[in-house]
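Structure file query.pdb with PDB, C-alpha atoms, pLDDT in the B column:
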ATOM      1  CA  MET Z   1      38.076  88.041  77.124  1.00 62.00           C
ATOM      2  CA  GLY Z   2      38.257  87.392  73.388  1.00 82.00           C
ATOM      3  CA  LEU Z   3      39.159  91.000  72.582  1.00 85.00           C
ATOM      4  CA  ILE Z   4      41.899  91.162  75.192  1.00 88.00           C
ATOM      5  CA  SER Z   5      43.446  87.866  74.112  1.00 86.00           C
ATOM      6  CA  ALA Z   6      43.285  88.987  70.475  1.00 82.00           C
ATOM      7  CA  ILE Z   7      45.131  92.209  71.344  1.00 85.00           C
ATOM      8  CA  VAL Z   8      47.714  90.397  73.468  1.00 86.00           C
ATOM      9  CA  THR Z   9      48.417  87.747  70.821  1.00 85.00           C
ATOM     10  CA  LEU Z  10      48.405  90.210  67.902  1.00 86.00           C
ATOM     11  CA  PRO Z  11      52.229  90.318  67.703  1.00 87.00           C
ATOM     12  CA  LEU Z  12      52.153  86.544  67.023  1.00 85.00           C
ATOM     13  CA  ALA Z  13      49.940  86.943  63.944  1.00 86.00           C
ATOM     14  CA  PRO Z  14      52.877  86.979  61.477  1.00 91.00           C
ATOM     15  CA  VAL Z  15      54.230  83.787  63.038  1.00 91.00           C
ATOM     16  CA  ARG Z  16      50.837  82.081  62.715  1.00 91.00           C
ATOM     17  CA  GLY Z  17      50.687  83.245  59.100  1.00 91.00           C
ATOM     18  CA  VAL Z  18      54.104  81.772  58.304  1.00 94.00           C
ATOM     19  CA  ILE Z  19      53.157  78.488  59.972  1.00 95.00           C
ATOM     20  CA  TRP Z  20      49.914  78.337  57.981  1.00 95.00           C
ATOM     21  CA  LEU Z  21      51.768  79.113  54.747  1.00 96.00           C
ATOM     22  CA  GLY Z  22      54.283  76.366  55.492  1.00 96.00           C
ATOM     23  CA  GLN Z  23      51.453  73.865  56.003  1.00 96.00           C
ATOM     24  CA  VAL Z  24      49.816  74.894  52.737  1.00 97.00           C
ATOM     25  CA  ILE Z  25      53.104  74.491  50.862  1.00 97.00           C
ATOM     26  CA  GLN Z  26      53.746  71.092  52.464  1.00 94.00           C
ATOM     27  CA  ASP Z  27      50.259  69.879  51.521  1.00 94.00           C
ATOM     28  CA  GLU Z  28      50.753  70.979  47.908  1.00 94.00           C
ATOM     29  CA  VAL Z  29      54.168  69.313  47.643  1.00 91.00           C
ATOM     30  CA  GLU Z  30      52.771  66.054  49.040  1.00 88.00           C
ATOM     31  CA  ARG Z  31      49.836  66.233  46.651  1.00 90.00           C
ATOM     32  CA  GLN Z  32      52.145  66.704  43.667  1.00 87.00           C
ATOM     33  CA  LEU Z  33      54.561  63.974  44.777  1.00 84.00           C
ATOM     34  CA  ASN Z  34      51.740  61.483  45.256  1.00 84.00           C
ATOM     35  CA  ASP Z  35      49.929  62.368  42.034  1.00 88.00           C
ATOM     36  CA  PRO Z  36      49.589  59.186  39.917  1.00 88.00           C
ATOM     37  CA  ALA Z  37      50.468  61.106  36.748  1.00 91.00           C
ATOM     38  CA  THR Z  38      53.713  62.347  38.308  1.00 90.00           C
ATOM     39  CA  ILE Z  39      54.652  58.863  39.479  1.00 90.00           C
ATOM     40  CA  ARG Z  40      53.878  57.381  36.056  1.00 92.00           C
ATOM     41  CA  ARG Z  41      55.930  60.101  34.320  1.00 93.00           C
ATOM     42  CA  GLU Z  42      58.904  59.485  36.620  1.00 92.00           C
ATOM     43  CA  LEU Z  43      58.761  55.736  35.990  1.00 93.00           C
ATOM     44  CA  GLU Z  44      58.566  56.344  32.229  1.00 95.00           C
ATOM     45  CA  GLU Z  45      61.586  58.679  32.392  1.00 95.00           C
ATOM     46  CA  ILE Z  46      63.534  56.027  34.297  1.00 94.00           C
ATOM     47  CA  ASP Z  47      62.594  53.395  31.701  1.00 94.00           C
ATOM     48  CA  GLU Z  48      63.610  55.706  28.839  1.00 95.00           C
ATOM     49  CA  ALA Z  49      66.955  56.484  30.474  1.00 94.00           C
ATOM     50  CA  ALA Z  50      67.617  52.768  30.909  1.00 93.00           C
ATOM     51  CA  ALA Z  51      66.598  52.071  27.305  1.00 94.00           C
ATOM     52  CA  VAL Z  52      69.159  54.528  25.899  1.00 93.00           C
ATOM     53  CA  GLY Z  53      71.864  53.267  28.240  1.00 91.00           C
ATOM     54  CA  GLU Z  54      72.023  56.182  30.674  1.00 92.00           C
ATOM     55  CA  LEU Z  55      71.261  53.839  33.589  1.00 89.00           C
ATOM     56  CA  SER Z  56      72.626  50.393  34.373  1.00 91.00           C
ATOM     57  CA  GLU Z  57      70.216  47.624  35.350  1.00 92.00           C
ATOM     58  CA  GLU Z  58      71.094  48.141  38.997  1.00 94.00           C
ATOM     59  CA  GLU Z  59      70.564  51.926  38.805  1.00 93.00           C
ATOM     60  CA  HIS Z  60      67.303  51.322  36.934  1.00 93.00           C
ATOM     61  CA  ALA Z  61      66.017  48.989  39.642  1.00 94.00           C
ATOM     62  CA  GLN Z  62      67.118  51.363  42.423  1.00 95.00           C
ATOM     63  CA  ALA Z  63      65.464  54.375  40.784  1.00 94.00           C
ATOM     64  CA  GLN Z  64      62.211  52.493  40.253  1.00 92.00           C
ATOM     65  CA  GLN Z  65      62.255  51.220  43.827  1.00 93.00           C
ATOM     66  CA  ALA Z  66      62.820  54.754  45.154  1.00 92.00           C
ATOM     67  CA  VAL Z  67      59.739  56.010  43.288  1.00 90.00           C
ATOM     68  CA  LEU Z  68      57.644  53.058  44.451  1.00 88.00           C
ATOM     69  CA  ASP Z  69      58.843  53.435  48.048  1.00 88.00           C
ATOM     70  CA  ARG Z  70      57.852  57.096  47.993  1.00 84.00           C
ATOM     71  CA  MET Z  71      54.451  56.111  46.629  1.00 81.00           C
ATOM     72  CA  MET Z  72      53.917  53.519  49.376  1.00 82.00           C
ATOM     73  CA  ARG Z  73      55.061  55.775  52.242  1.00 75.00           C
ATOM     74  CA  PRO Z  74      52.181  56.954  54.438  1.00 67.00           C
ATOM     75  CA  SER Z  75      51.102  60.489  53.635  1.00 58.00           C
ATOM     76  CA  GLY Z  76      52.504  63.136  55.923  1.00 46.00           C
ATOM     77  CA  GLY Z  77      55.206  60.891  57.346  1.00 47.00           C
ATOM     78  CA  LEU Z  78      58.890  61.080  56.959  1.00 48.00           C
ATOM     79  CA  ALA Z  79      60.809  58.399  55.160  1.00 52.00           C
ATOM     80  CA  PRO Z  80      61.817  55.557  57.460  1.00 51.00           C
ATOM     81  CA  PRO Z  81      65.459  55.667  58.515  1.00 49.00           C
ATOM     82  CA  ASP Z  82      67.864  53.694  56.386  1.00 53.00           C
ATOM     83  CA  GLU Z  83      68.657  50.514  58.287  1.00 50.00           C
ATOM     84  CA  LYS Z  84      72.020  49.942  56.618  1.00 50.00           C
ATOM     85  CA  GLY Z  85      74.584  49.505  59.319  1.00 39.00           C
TER      86      GLY Z  85
END

Write-out of the structure in structure tokens:
Amino acid sequence: MGLISAIVTLPLAPVRGVIWLGQVIQDEVERQLNDPATIRRELEEIDEAAAVGELSEEEHAQAQQAVLDRMMRPSGGLAPPDEKG
């Protein structure tokens, strides 16, 4: 039965390969986004931009909160919907 099912499902092999590749890419992106060094670098860039006046205090706080929210979001999940009315 294994040989017959392999022959019958052979046309789906490219689809399975694309799905697998998509999962690998998603895992790598999540790993890079959640890397402590990346988060630290982003926070430092935000602080530097605020120090030279590129960001207002409000923009600075919002940018920092966005990075921290991303860090606290459960891995593999989508961002929670914005509850602003």

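Atom to atom, CA of Gln64 (chain Z) and CA of Leu43 (chain Z) stand 6.4 Å apart.
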
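Proximity ranking of Z:Gly17, Z:Leu10, Z:Asn34, Z:Leu55 relative to Met72 (chain Z) places Z:Asn34 first, based on only C-alpha atoms.
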
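One finds CA of Gln32 (chain Z) at 18.4 Å from CA of Ala63 (chain Z).
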
Worksheet, complete the sentence: Atom pair CA of Arg70 (chain Z) + CA of Leu33 (chain Z), distance 8.3 Å

Item to complete: Measuring atom to atom with all atoms listed in the file, identify which of Z:Val29, Z:Val24, Z:Val15, Z:Val67 is nearest to Arg41 (chain Z).
Response: Z:Val67

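Counting only C-alpha atoms, the residue from Z:Val52, Z:Val18, Z:Val8, Z:Met71 that sits nearest to Arg31 (chain Z) is Z:Met71.
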
Grab all the atoms of region 28-45 of chain Z that the file lists, wrap them in a box along x, y and z, add 4 Å per side, and give me centre plus edge lengths in Å (one decimal) as lines of an AutoDock Vina configuration file.
center_x = 55.6
center_y = 63.4
center_z = 40.6
size_x = 20.0
size_y = 23.2
size_z = 24.8

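Shortest atom-to-atom contact with Ala66 (chain Z) among Z:Glu42, Z:Pro36, Z:Arg16, Z:Ile25: Z:Glu42, counting only C-alpha atoms.
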